>>> print(open('work-v3.tsv').read())   # TSV, C-alpha atoms (C1' of nucleotides)
chain	number	residue	atom	x	y	z
A	19	MET	CA	-28.11	-98.64	24.56
A	20	THR	CA	-27.37	-100.63	27.63
A	21	THR	CA	-27.74	-103.59	25.35
A	22	LEU	CA	-24.30	-104.04	23.96
A	23	SER	CA	-24.06	-106.34	21.04
A	24	ALA	CA	-22.44	-109.65	21.72
A	25	ALA	CA	-19.49	-108.53	19.66
A	26	GLU	CA	-19.06	-105.44	21.77
A	27	ARG	CA	-19.29	-107.36	25.00
A	28	ARG	CA	-16.72	-109.77	23.75
A	29	ALA	CA	-14.40	-106.99	22.69
A	30	ALA	CA	-14.62	-105.41	26.12
A	31	GLU	CA	-13.88	-108.70	27.77
A	32	ARG	CA	-10.89	-109.21	25.54
A	33	ILE	CA	-9.45	-105.89	26.57
A	34	ALA	CA	-9.96	-106.57	30.23
A	35	TYR	CA	-8.40	-109.97	29.86
A	36	ASP	CA	-5.47	-108.58	27.97
A	37	ALA	CA	-4.85	-106.18	30.80
A	38	TYR	CA	-5.04	-109.06	33.23
A	39	LEU	CA	-2.53	-111.01	31.23
A	40	ALA	CA	-0.23	-108.06	30.90
A	41	ALA	CA	-0.08	-107.95	34.67
A	42	CYS	CA	0.42	-111.66	35.19
A	43	PRO	CA	4.02	-112.36	36.19
A	44	ALA	CA	4.03	-115.93	34.98
A	45	ARG	CA	2.84	-114.78	31.61
A	46	LYS	CA	5.56	-112.17	31.37
A	47	LEU	CA	8.20	-114.72	32.11
A	48	LEU	CA	6.71	-117.14	29.68
A	49	ASP	CA	6.69	-114.51	27.01
A	50	ARG	CA	10.32	-113.93	27.78
A	51	ILE	CA	11.72	-117.41	27.77
A	52	SER	CA	9.49	-118.58	24.99
A	53	ASP	CA	11.21	-116.20	22.63
A	54	LYS	CA	12.80	-118.46	20.12
A	55	TRP	CA	16.36	-117.60	21.04
A	56	VAL	CA	16.22	-116.80	24.71
A	57	SER	CA	16.46	-120.30	26.07
A	58	LEU	CA	19.20	-121.09	23.60
A	59	VAL	CA	21.24	-118.10	24.62
A	60	LEU	CA	20.73	-119.04	28.23
A	61	THR	CA	21.99	-122.56	27.74
A	62	ALA	CA	24.80	-121.29	25.58
A	63	LEU	CA	25.91	-119.08	28.43
A	64	ALA	CA	25.31	-121.66	31.10
A	65	ASP	CA	28.89	-122.94	30.92
A	66	GLY	CA	30.43	-119.50	31.09
A	67	PRO	CA	30.83	-116.19	29.32
A	68	ARG	CA	31.08	-116.02	25.59
A	69	ARG	CA	31.75	-113.26	23.18
A	70	GLN	CA	29.25	-112.23	20.64
A	71	SER	CA	31.02	-113.82	17.71
A	72	ASP	CA	31.22	-117.01	19.68
A	73	LEU	CA	27.51	-116.97	20.36
A	74	ALA	CA	26.87	-116.24	16.74
A	75	ARG	CA	28.73	-119.37	15.78
A	76	PHE	CA	27.05	-121.39	18.49
A	77	LEU	CA	23.59	-120.22	17.58
A	78	ALA	CA	24.12	-120.65	13.90
A	79	GLY	CA	20.44	-120.33	13.18
A	80	ALA	CA	20.05	-116.85	14.55
A	81	SER	CA	20.46	-113.81	12.40
A	82	GLN	CA	22.67	-111.17	13.84
A	83	LYS	CA	19.69	-108.97	14.29
A	84	MET	CA	17.92	-111.54	16.39
A	85	LEU	CA	21.02	-112.28	18.38
A	86	THR	CA	21.62	-108.68	19.28
A	87	GLN	CA	17.97	-108.10	19.91
A	88	THR	CA	17.69	-111.10	22.19
A	89	LEU	CA	20.85	-110.27	24.09
A	90	ARG	CA	19.76	-106.70	24.44
A	91	ALA	CA	16.41	-107.68	25.90
A	92	LEU	CA	18.11	-110.10	28.24
A	93	GLU	CA	20.54	-107.46	29.33
A	94	ARG	CA	17.73	-105.08	30.04
A	95	ASP	CA	16.06	-107.75	32.11
A	96	GLY	CA	19.19	-108.18	34.15
A	97	ILE	CA	19.55	-111.74	32.96
A	98	VAL	CA	22.80	-111.31	31.11
A	99	ASP	CA	25.71	-109.03	31.61
A	100	ARG	CA	27.28	-107.24	28.67
A	101	THR	CA	30.93	-106.22	28.77
A	102	VAL	CA	32.46	-104.09	26.10
A	103	THR	CA	36.20	-104.08	25.58
A	104	PRO	CA	37.01	-101.19	23.27
A	105	THR	CA	40.04	-102.73	21.65
A	106	VAL	CA	40.77	-102.16	18.01
A	107	PRO	CA	38.38	-104.75	16.75
A	108	ILE	CA	35.78	-104.24	19.41
A	109	ARG	CA	35.09	-107.15	21.70
A	110	VAL	CA	31.88	-107.79	23.58
A	111	ASP	CA	31.37	-110.51	26.12
A	112	TYR	CA	28.13	-111.78	27.50
A	113	ALA	CA	27.69	-113.65	30.75
A	114	LEU	CA	24.81	-114.73	32.89
A	115	THR	CA	24.06	-112.69	35.96
A	116	ASP	CA	23.03	-114.33	39.21
A	117	LEU	CA	19.48	-113.68	38.21
A	118	GLY	CA	20.14	-115.34	34.92
A	119	ARG	CA	21.67	-118.34	36.57
A	120	SER	CA	18.67	-118.66	38.83
A	121	LEU	CA	16.68	-119.18	35.71
A	122	LEU	CA	18.64	-122.21	34.63
A	123	PRO	CA	16.80	-124.63	36.89
A	124	VAL	CA	13.56	-123.55	35.30
A	125	ILE	CA	14.97	-124.26	31.89
A	126	ALA	CA	16.22	-127.54	33.24
A	127	ALA	CA	12.74	-128.39	34.48
A	128	ILE	CA	11.34	-127.77	31.06
A	129	LYS	CA	14.07	-129.77	29.46
A	130	GLY	CA	13.55	-132.53	31.96
A	131	TRP	CA	9.87	-132.86	31.28
A	132	ALA	CA	10.47	-132.74	27.58
A	133	GLU	CA	12.99	-135.51	27.67
A	134	SER	CA	10.94	-137.78	29.85
A	135	HIS	CA	7.50	-137.18	28.39
A	136	LEU	CA	7.87	-136.04	24.85
A	137	ALA	CA	7.86	-139.60	23.61
A	138	GLU	CA	4.37	-139.95	25.01
A	139	VAL	CA	3.32	-136.78	23.29
A	140	GLU	CA	4.54	-137.97	19.94
A	141	CYS	CA	2.90	-141.28	20.53
A	142	ALA	CA	-0.37	-139.53	21.24
A	143	GLN	CA	0.05	-137.48	18.10
A	144	LEU	CA	0.49	-140.57	16.00
A	145	ALA	CA	-2.55	-142.20	17.51
A	146	TYR	CA	-4.55	-139.07	17.00
A	147	ASP	CA	-3.49	-138.66	13.43
A	148	GLN	CA	-4.28	-142.25	12.73
A	149	ALA	CA	-7.71	-142.06	14.25
A	150	ASN	CA	-8.49	-139.10	12.06
A	151	ARG	CA	-6.93	-140.36	8.89
A	152	GLU	CA	-9.98	-139.85	6.65
A	153	PRO	CA	-12.08	-142.88	7.60
A	154	ASP	CA	-13.37	-143.21	4.03
A	155	ALA	CA	-9.94	-143.65	2.54
A	156	GLY	CA	-9.55	-143.11	-1.15
A	157	ARG	CA	-10.11	-139.51	-1.99
A	158	ARG	CA	-7.19	-137.92	-0.21
A	159	SER	CA	-7.13	-134.38	-1.46
A	160	PRO	CA	-3.68	-134.08	-2.96
A	161	GLY	CA	-3.51	-130.35	-2.49
A	162	PRO	CA	-2.11	-128.35	0.40
A	163	ALA	CA	-4.25	-130.20	2.92
A	164	ARG	CA	-3.45	-127.74	5.70
A	165	ASP	CA	-3.50	-130.25	8.44
A	166	GLN	CA	-6.14	-132.86	8.74
A	167	LEU	CA	-8.34	-130.09	9.99
A	168	ALA	CA	-11.02	-131.08	7.58
A	169	ALA	CA	-11.00	-134.60	8.88
A	170	VAL	CA	-11.79	-133.80	12.43
A	171	ARG	CA	-15.52	-134.14	12.63
A	172	ASN	CA	-15.66	-136.88	15.17
A	173	THR	CA	-16.14	-140.16	13.46
A	174	GLY	CA	-18.59	-141.45	16.06
B	17	MET	CA	33.13	-123.59	-6.33
B	18	THR	CA	34.29	-124.86	-3.00
B	19	THR	CA	34.32	-121.25	-1.99
B	20	LEU	CA	30.77	-120.61	-0.88
B	21	SER	CA	29.89	-117.05	-0.27
B	22	ALA	CA	29.49	-116.08	3.32
B	23	ALA	CA	25.78	-115.71	2.73
B	24	GLU	CA	25.54	-119.24	1.37
B	25	ARG	CA	27.49	-120.69	4.24
B	26	ARG	CA	25.29	-118.89	6.67
B	27	ALA	CA	22.16	-120.12	4.96
B	28	ALA	CA	23.41	-123.67	5.12
B	29	GLU	CA	24.18	-123.32	8.77
B	30	ARG	CA	20.76	-121.95	9.44
B	31	ILE	CA	19.15	-124.93	7.80
B	32	ALA	CA	21.27	-127.35	9.75
B	33	TYR	CA	20.51	-125.51	12.94
B	34	ASP	CA	16.83	-125.45	12.20
B	35	ALA	CA	16.92	-129.19	11.76
B	36	TYR	CA	18.74	-129.48	15.04
B	37	LEU	CA	16.15	-127.36	16.77
B	38	ALA	CA	13.33	-129.26	15.19
B	39	ALA	CA	14.71	-132.38	16.80
B	40	CYS	CA	15.34	-130.84	20.19
B	41	PRO	CA	12.74	-132.06	22.67
B	42	ALA	CA	13.05	-129.14	25.01
B	43	ARG	CA	12.46	-126.79	22.13
B	44	LYS	CA	9.37	-128.63	21.04
B	45	LEU	CA	7.92	-128.43	24.48
B	46	LEU	CA	8.80	-124.80	24.77
B	47	ASP	CA	7.13	-124.10	21.48
B	48	ARG	CA	4.10	-125.87	22.81
B	49	ILE	CA	3.65	-124.27	26.20
B	50	SER	CA	4.73	-120.89	25.00
B	51	ASP	CA	1.70	-120.71	22.78
B	52	LYS	CA	-0.24	-117.82	24.14
B	53	TRP	CA	-3.18	-119.85	25.33
B	54	VAL	CA	-1.73	-123.19	26.23
B	55	SER	CA	-0.58	-122.42	29.73
B	56	LEU	CA	-3.83	-120.66	30.42
B	57	VAL	CA	-5.89	-123.59	29.29
B	58	LEU	CA	-3.74	-125.84	31.39
B	59	THR	CA	-4.26	-123.81	34.53
B	60	ALA	CA	-7.93	-123.44	33.73
B	61	LEU	CA	-8.23	-127.21	33.62
B	62	ALA	CA	-6.00	-127.78	36.61
B	63	ASP	CA	-8.95	-127.77	39.01
B	64	GLY	CA	-11.00	-130.15	36.97
B	65	PRO	CA	-12.83	-130.65	33.70
B	66	ARG	CA	-14.66	-127.82	32.05
B	67	ARG	CA	-16.86	-127.59	29.07
B	68	GLN	CA	-15.92	-125.53	26.12
B	69	SER	CA	-18.36	-122.73	26.84
B	70	ASP	CA	-17.00	-122.60	30.34
B	71	LEU	CA	-13.47	-122.27	29.10
B	72	ALA	CA	-14.56	-119.64	26.68
B	73	ARG	CA	-15.89	-117.58	29.55
B	74	PHE	CA	-12.84	-118.24	31.66
B	75	LEU	CA	-10.41	-117.33	28.91
B	76	ALA	CA	-12.30	-114.26	27.89
B	77	GLY	CA	-9.42	-113.02	25.82
B	78	ALA	CA	-9.33	-115.91	23.44
B	79	SER	CA	-11.29	-115.97	20.25
B	80	GLN	CA	-13.26	-119.12	19.68
B	81	LYS	CA	-10.96	-120.00	16.87
B	82	MET	CA	-7.91	-119.83	19.09
B	83	LEU	CA	-9.62	-121.74	21.84
B	84	THR	CA	-10.60	-124.59	19.58
B	85	GLN	CA	-7.27	-124.55	17.87
B	86	THR	CA	-5.39	-124.67	21.14
B	87	LEU	CA	-7.56	-127.38	22.60
B	88	ARG	CA	-7.28	-129.39	19.45
B	89	ALA	CA	-3.50	-129.22	19.46
B	90	LEU	CA	-3.46	-130.15	23.12
B	91	GLU	CA	-5.75	-133.06	22.47
B	92	ARG	CA	-3.51	-134.26	19.70
B	93	ASP	CA	-0.58	-134.06	22.07
B	94	GLY	CA	-2.39	-136.21	24.57
B	95	ILE	CA	-2.41	-133.36	27.06
B	96	VAL	CA	-6.13	-132.89	27.27
B	97	ASP	CA	-9.01	-135.23	26.83
B	98	ARG	CA	-12.01	-134.24	24.78
B	99	THR	CA	-15.39	-135.74	25.49
B	100	VAL	CA	-18.32	-135.15	23.23
B	101	THR	CA	-21.83	-135.64	24.52
B	102	PRO	CA	-24.14	-135.59	21.53
B	103	THR	CA	-27.15	-134.19	23.30
B	104	VAL	CA	-29.42	-131.78	21.57
B	105	PRO	CA	-27.28	-128.77	22.10
B	106	ILE	CA	-23.99	-130.56	21.80
B	107	ARG	CA	-21.80	-130.59	24.86
B	108	VAL	CA	-18.05	-130.97	24.88
B	109	ASP	CA	-15.92	-131.38	27.97
B	110	TYR	CA	-12.21	-131.00	28.27
B	111	ALA	CA	-10.06	-132.46	30.98
B	112	LEU	CA	-6.37	-132.90	31.61
B	113	THR	CA	-4.92	-136.30	30.98
B	114	ASP	CA	-2.30	-137.78	33.26
B	115	LEU	CA	0.26	-136.51	30.86
B	116	GLY	CA	-1.29	-133.10	31.04
B	117	ARG	CA	-1.29	-133.15	34.81
B	118	SER	CA	2.37	-134.08	34.80
B	119	LEU	CA	2.96	-130.82	33.06
B	120	LEU	CA	1.47	-128.76	35.84
B	121	PRO	CA	4.59	-128.79	38.02
B	122	VAL	CA	6.54	-127.37	35.13
B	123	ILE	CA	4.07	-124.56	34.80
B	124	ALA	CA	4.27	-124.15	38.54
B	125	ALA	CA	8.04	-123.87	38.34
B	126	ILE	CA	7.74	-121.14	35.80
B	127	LYS	CA	5.13	-119.39	37.84
B	128	GLY	CA	7.26	-119.78	40.93
B	129	TRP	CA	10.29	-118.20	39.39
B	130	ALA	CA	8.22	-115.43	37.95
B	131	GLU	CA	6.67	-114.57	41.26
B	132	SER	CA	9.91	-114.61	43.18
B	133	HIS	CA	12.21	-112.97	40.68
B	134	LEU	CA	10.19	-110.84	38.38
B	135	ALA	CA	10.51	-107.88	40.69
B	136	GLU	CA	14.26	-108.02	40.16
B	137	VAL	CA	13.74	-108.13	36.45
B	138	GLU	CA	11.57	-105.06	36.46
B	139	CYS	CA	14.04	-103.35	38.69
B	140	ALA	CA	16.81	-104.14	36.24
B	141	GLN	CA	14.69	-102.84	33.42
B	142	LEU	CA	14.17	-99.56	35.18
B	143	ALA	CA	17.84	-99.20	35.89
B	144	TYR	CA	18.69	-100.04	32.33
B	145	ASP	CA	16.21	-97.61	30.89
B	146	GLN	CA	17.45	-94.92	33.17
B	147	ALA	CA	21.08	-95.51	32.29
B	148	ASN	CA	20.22	-95.18	28.64
B	149	ARG	CA	17.91	-92.23	28.94
B	150	GLU	CA	19.71	-90.18	26.27
B	151	PRO	CA	22.73	-88.94	28.26
B	152	ASP	CA	22.61	-85.60	26.45
B	153	ALA	CA	19.09	-84.85	27.56
B	154	GLY	CA	17.20	-82.26	25.63
B	155	ARG	CA	16.53	-83.49	22.16
B	156	ARG	CA	14.31	-86.46	22.88
B	157	SER	CA	13.08	-87.48	19.48
B	158	PRO	CA	9.33	-87.23	19.87
B	159	GLY	CA	8.67	-89.71	17.11
B	160	PRO	CA	8.22	-93.43	17.29
B	161	ALA	CA	11.49	-93.92	19.15
B	162	ARG	CA	11.22	-97.68	18.84
B	163	ASP	CA	13.04	-98.43	22.01
B	164	GLN	CA	16.08	-96.57	23.08
B	165	LEU	CA	17.89	-98.63	20.53
B	166	ALA	CA	19.82	-95.64	19.34
B	167	ALA	CA	20.98	-94.82	22.81
B	168	VAL	CA	22.78	-98.02	23.56
B	169	ARG	CA	26.32	-97.24	22.71
B	170	ASN	CA	27.81	-97.75	26.11
B	171	THR	CA	28.21	-94.46	27.78
B	172	GLY	CA	31.55	-95.02	29.16
C	4	DC	C1'	33.94	-107.40	15.13
C	5	DA	C1'	29.62	-105.41	16.97
C	6	DG	C1'	25.60	-102.91	16.09
C	7	DT	C1'	21.94	-100.34	13.50
C	8	DA	C1'	18.54	-99.09	9.87
C	9	DT	C1'	15.68	-100.54	6.08
C	10	DC	C1'	12.86	-103.45	3.41
C	11	DC	C1'	9.86	-107.30	2.84
C	12	DC	C1'	7.70	-111.55	3.49
C	13	DC	C1'	5.28	-114.99	5.98
C	14	DG	C1'	2.40	-116.79	9.58
C	15	DG	C1'	-0.25	-116.18	13.51
C	16	DT	C1'	-4.39	-114.15	15.09
C	17	DG	C1'	-8.81	-112.05	15.05
C	18	DA	C1'	-13.50	-111.04	12.77
C	19	DT	C1'	-17.13	-112.82	10.43
C	20	DA	C1'	-20.38	-115.99	8.54
C	21	DC	C1'	-21.91	-120.67	7.97
C	22	DT	C1'	-22.89	-125.89	9.25
C	23	DG	C1'	-24.97	-129.62	12.29
D	18	DC	C1'	-23.52	-124.98	21.63
D	19	DA	C1'	-19.31	-126.51	19.15
D	20	DG	C1'	-16.69	-126.27	15.17
D	21	DT	C1'	-15.00	-124.83	10.47
D	22	DA	C1'	-13.80	-121.87	6.46
D	23	DT	C1'	-12.49	-117.54	4.61
D	24	DC	C1'	-10.46	-113.12	4.57
D	25	DA	C1'	-7.59	-109.37	6.10
D	26	DC	C1'	-4.44	-107.25	9.17
D	27	DC	C1'	-0.32	-106.76	11.75
D	28	DG	C1'	4.08	-107.72	13.70
D	29	DG	C1'	7.96	-110.85	14.16
D	30	DG	C1'	11.75	-112.17	12.01
D	31	DG	C1'	15.12	-112.66	8.13
D	32	DA	C1'	18.20	-110.54	4.45
D	33	DT	C1'	20.89	-106.86	3.24
D	34	DA	C1'	23.79	-102.84	3.41
D	35	DC	C1'	25.97	-99.40	6.17
D	36	DT	C1'	28.63	-97.22	10.42
D	37	DG	C1'	32.56	-97.02	13.81
>>> encode(input="work-v3.tsv", output="structure tokens")
Amino acid sequence: MTTLSAAERRAAERIAYDAYLAACPARKLLDRISDKWVSLVLTALADGPRRQSDLARFLAGASQKMLTQTLRALERDGIVDRTVTPTVPIRVDYALTDLGRSLLPVIAAIKGWAESHLAEVECAQLAYDQANREPDAGRRSPGPARDQLAAVRNTG
Amino acid sequence: MTTLSAAERRAAERIAYDAYLAACPARKLLDRISDKWVSLVLTALADGPRRQSDLARFLAGASQKMLTQTLRALERDGIVDRTVTPTVPIRVDYALTDLGRSLLPVIAAIKGWAESHLAEVECAQLAYDQANREPDAGRRSPGPARDQLAAVRNTG
DNA sequence: CAGTATCCCCGGTGATACTG
DNA sequence: CAGTATCACCGGGGATACTG
């Protein structure tokens, strides 16, 4: 049975590749900062420390669970610093560590590219969508119409 | 009924925040490049064009569906260029556009930070995990033990 | 106020089979 | 070879209620 089925080969390759990815530093970081709330927390803390309730107001879209979870992960990573003040109503402050601050330029780079090039991207999207707007107009399926995925077969 | 329940207020805030995020360029970009395969495709194409089958080999971990889906999204964004050669066995080549190439430095920045700082992160993680290794050793719940979530209450 | 545990839903992702 | 459609699974993420 040296002849593995194509499916088996593929599965093996997937596993190996997964392992490779798991070891890739850039990927780890990307996984980190791509978390929906991470970059937002980072920018929220860029100006200075904030307490949890403050962050919660600032990041109005985050559930408390997500907020805590994100902050916790960041704390574990040494990106943010968590300070508990056991007063009567407990008070917890979060601040960026040096490591966390060193990450800000990276965020800035991302932001920078986004602000200078995203217009082009959206332009390209429009053009693309137009080019694939069901050449034989008329019967536009009124239903869900996922994306124009069905319309992709190149018109040439 | 000016008095909205806290839940209602929160829901409203979430919606507003979602809208805000949806408009945020940096967020859009982040959503883009944080897609599991995007950065990998980008680096795979950094050296030059490749055909789909080539990419499929290179990105062994990606299912064909994901590969196509990713490439399609990238094409729509004007990041990659798709060239179909309708020979007998069809041939499709993908290449970075100028826009796509302009994104490489951003990826490089991420990679750079990761390679120079990730050691610190992992160090911090170790320290953190150690600090929260159930102070009262002994009864280490053998079960799932999600993370040490239960052990967080600051020890002192 | 800060954090945790529980439940549940939705969407992303993979596997498979089919078209051209 | 390249792409699409369908199905099924799993985990992330939100809502809620409870503790200290």
>>> atom_distance(input="work-v3.tsv", atom1="CA of Gln143 (chain A)", atom2="CA of Arg92 (chain B)")
5.1 Å
>>> atom_distance(input="work-v3.tsv", atom1="CA of Ser50 (chain B)", atom2="CA of Ser52 (chain A)")
5.3 Å
>>> interface_residues(input="work-v3.tsv", of="chain D", to="chain A", cutoff="12 Å", atoms="all atoms listed in the file", output="ChimeraX atom specification")
/D:19-22,29-33,37
>>> write_last_selection(input="work-v3.tsv", atoms="C-alpha atoms (C1' of nucleotides)", output="short mmCIF file (atom, residue, chain, number, x, y, z; two decimals), keeping the file's coordinate frame")
data_model
loop_
_atom_site.label_atom_id
_atom_site.label_comp_id
_atom_site.auth_asym_id
_atom_site.auth_seq_id
_atom_site.Cartn_x
_atom_site.Cartn_y
_atom_site.Cartn_z
"C1'" DA D 19 -19.31 -126.51 19.15
"C1'" DG D 20 -16.69 -126.27 15.17
"C1'" DT D 21 -15.00 -124.83 10.47
"C1'" DA D 22 -13.80 -121.87 6.46
"C1'" DG D 29 7.96 -110.85 14.16
"C1'" DG D 30 11.75 -112.17 12.01
"C1'" DG D 31 15.12 -112.66 8.13
"C1'" DA D 32 18.20 -110.54 4.45
"C1'" DT D 33 20.89 -106.86 3.24
"C1'" DG D 37 32.56 -97.02 13.81
#
>>> closest_residue(input="work-v3.tsv", among="C:DT22, C:DG15, C:DC10, C:DC4", to="chain A", atoms="only C-alpha atoms (C1' of nucleotides)")
C:DC4
>>> axis_aligned_box(input="work-v3.tsv", around="region 25-31 of chain D", padding_each_side="3 Å", output="AutoDock Vina command-line options")
--center_x 3.8 --center_y -109.7 --center_z 10.1 --size_x 28.7 --size_y 11.9 --size_z 14.1
>>> interface_residues(input="work-v3.tsv", of="chain A", to="chain B", cutoff="8 Å", atoms="all atoms listed in the file", output="PyMOL selection string")
chain A and resi 28+31-36+43-44+46-49+52+77-80+94-97+102+117+121+124+127-133+135-136+138-140+142-143+146-147
>>> interface_residues(input="work-v3.tsv", of="chain C", to="chain B", cutoff="10 Å", atoms="all atoms listed in the file", output="number ranges by chain")
C: 6-7, 16-18, 23
>>> atom_distance(input="work-v3.tsv", atom1="CA of Ser71 (chain A)", atom2="C1' of DA8 (chain C)")
20.8 Å
>>> residues_near_point(input="work-v3.tsv", point="(6.1, -105.5, 9.1)", cutoff="9 Å", atoms="only C-alpha atoms (C1' of nucleotides)", output="NGL selection string")
(:C and (11-12)) or (:D and (27-29))
>>> build_atoms(input="work-v3.tsv", residues="region 42-54 of chain B", atoms="N, CA, C and O atoms", output="PDB file, keeping the file's coordinate frame")
ATOM      1  N   ALA B  42      13.348-130.275  24.152  1.00  0.00           N
ATOM      2  CA  ALA B  42      13.050-129.140  25.010  1.00  0.00           C
ATOM      3  C   ALA B  42      12.434-128.002  24.192  1.00  0.00           C
ATOM      4  O   ALA B  42      11.504-127.332  24.615  1.00  0.00           O
ATOM      5  N   ARG B  43      12.966-127.843  22.997  1.00  0.00           N
ATOM      6  CA  ARG B  43      12.460-126.790  22.130  1.00  0.00           C
ATOM      7  C   ARG B  43      11.010-127.052  21.744  1.00  0.00           C
ATOM      8  O   ARG B  43      10.168-126.177  21.753  1.00  0.00           O
ATOM      9  N   LYS B  44      10.739-128.281  21.417  1.00  0.00           N
ATOM     10  CA  LYS B  44       9.370-128.630  21.040  1.00  0.00           C
ATOM     11  C   LYS B  44       8.411-128.284  22.157  1.00  0.00           C
ATOM     12  O   LYS B  44       7.362-127.674  21.938  1.00  0.00           O
ATOM     13  N   LEU B  45       8.795-128.696  23.347  1.00  0.00           N
ATOM     14  CA  LEU B  45       7.920-128.430  24.480  1.00  0.00           C
ATOM     15  C   LEU B  45       7.746-126.931  24.676  1.00  0.00           C
ATOM     16  O   LEU B  45       6.644-126.445  24.898  1.00  0.00           O
ATOM     17  N   LEU B  46       8.852-126.235  24.575  1.00  0.00           N
ATOM     18  CA  LEU B  46       8.800-124.800  24.770  1.00  0.00           C
ATOM     19  C   LEU B  46       7.883-124.166  23.736  1.00  0.00           C
ATOM     20  O   LEU B  46       7.073-123.291  24.046  1.00  0.00           O
ATOM     21  N   ASP B  47       8.013-124.621  22.515  1.00  0.00           N
ATOM     22  CA  ASP B  47       7.130-124.100  21.480  1.00  0.00           C
ATOM     23  C   ASP B  47       5.674-124.360  21.844  1.00  0.00           C
ATOM     24  O   ASP B  47       4.796-123.545  21.577  1.00  0.00           O
ATOM     25  N   ARG B  48       5.447-125.511  22.438  1.00  0.00           N
ATOM     26  CA  ARG B  48       4.100-125.870  22.810  1.00  0.00           C
ATOM     27  C   ARG B  48       3.570-124.950  23.888  1.00  0.00           C
ATOM     28  O   ARG B  48       2.602-124.246  23.705  1.00  0.00           O
ATOM     29  N   ILE B  49       4.204-124.983  25.050  1.00  0.00           N
ATOM     30  CA  ILE B  49       3.650-124.270  26.200  1.00  0.00           C
ATOM     31  C   ILE B  49       3.791-122.761  26.068  1.00  0.00           C
ATOM     32  O   ILE B  49       3.179-122.022  26.813  1.00  0.00           O
ATOM     33  N   SER B  50       4.596-122.330  25.144  1.00  0.00           N
ATOM     34  CA  SER B  50       4.730-120.890  25.000  1.00  0.00           C
ATOM     35  C   SER B  50       3.607-120.321  24.145  1.00  0.00           C
ATOM     36  O   SER B  50       3.421-119.114  24.083  1.00  0.00           O
ATOM     37  N   ASP B  51       2.870-121.187  23.499  1.00  0.00           N
ATOM     38  CA  ASP B  51       1.700-120.710  22.780  1.00  0.00           C
ATOM     39  C   ASP B  51       0.842-119.907  23.743  1.00  0.00           C
ATOM     40  O   ASP B  51       0.565-120.335  24.855  1.00  0.00           O
ATOM     41  N   LYS B  52       0.434-118.773  23.272  1.00  0.00           N
ATOM     42  CA  LYS B  52      -0.240-117.820  24.140  1.00  0.00           C
ATOM     43  C   LYS B  52      -1.280-118.451  25.070  1.00  0.00           C
ATOM     44  O   LYS B  52      -1.376-118.104  26.229  1.00  0.00           O
ATOM     45  N   TRP B  53      -2.053-119.376  24.553  1.00  0.00           N
ATOM     46  CA  TRP B  53      -3.180-119.850  25.330  1.00  0.00           C
ATOM     47  C   TRP B  53      -2.962-121.162  26.055  1.00  0.00           C
ATOM     48  O   TRP B  53      -3.745-121.536  26.929  1.00  0.00           O
ATOM     49  N   VAL B  54      -1.914-121.855  25.695  1.00  0.00           N
ATOM     50  CA  VAL B  54      -1.730-123.190  26.230  1.00  0.00           C
ATOM     51  C   VAL B  54      -1.646-123.204  27.749  1.00  0.00           C
ATOM     52  O   VAL B  54      -2.376-123.928  28.420  1.00  0.00           O
TER      53      VAL B  54
END
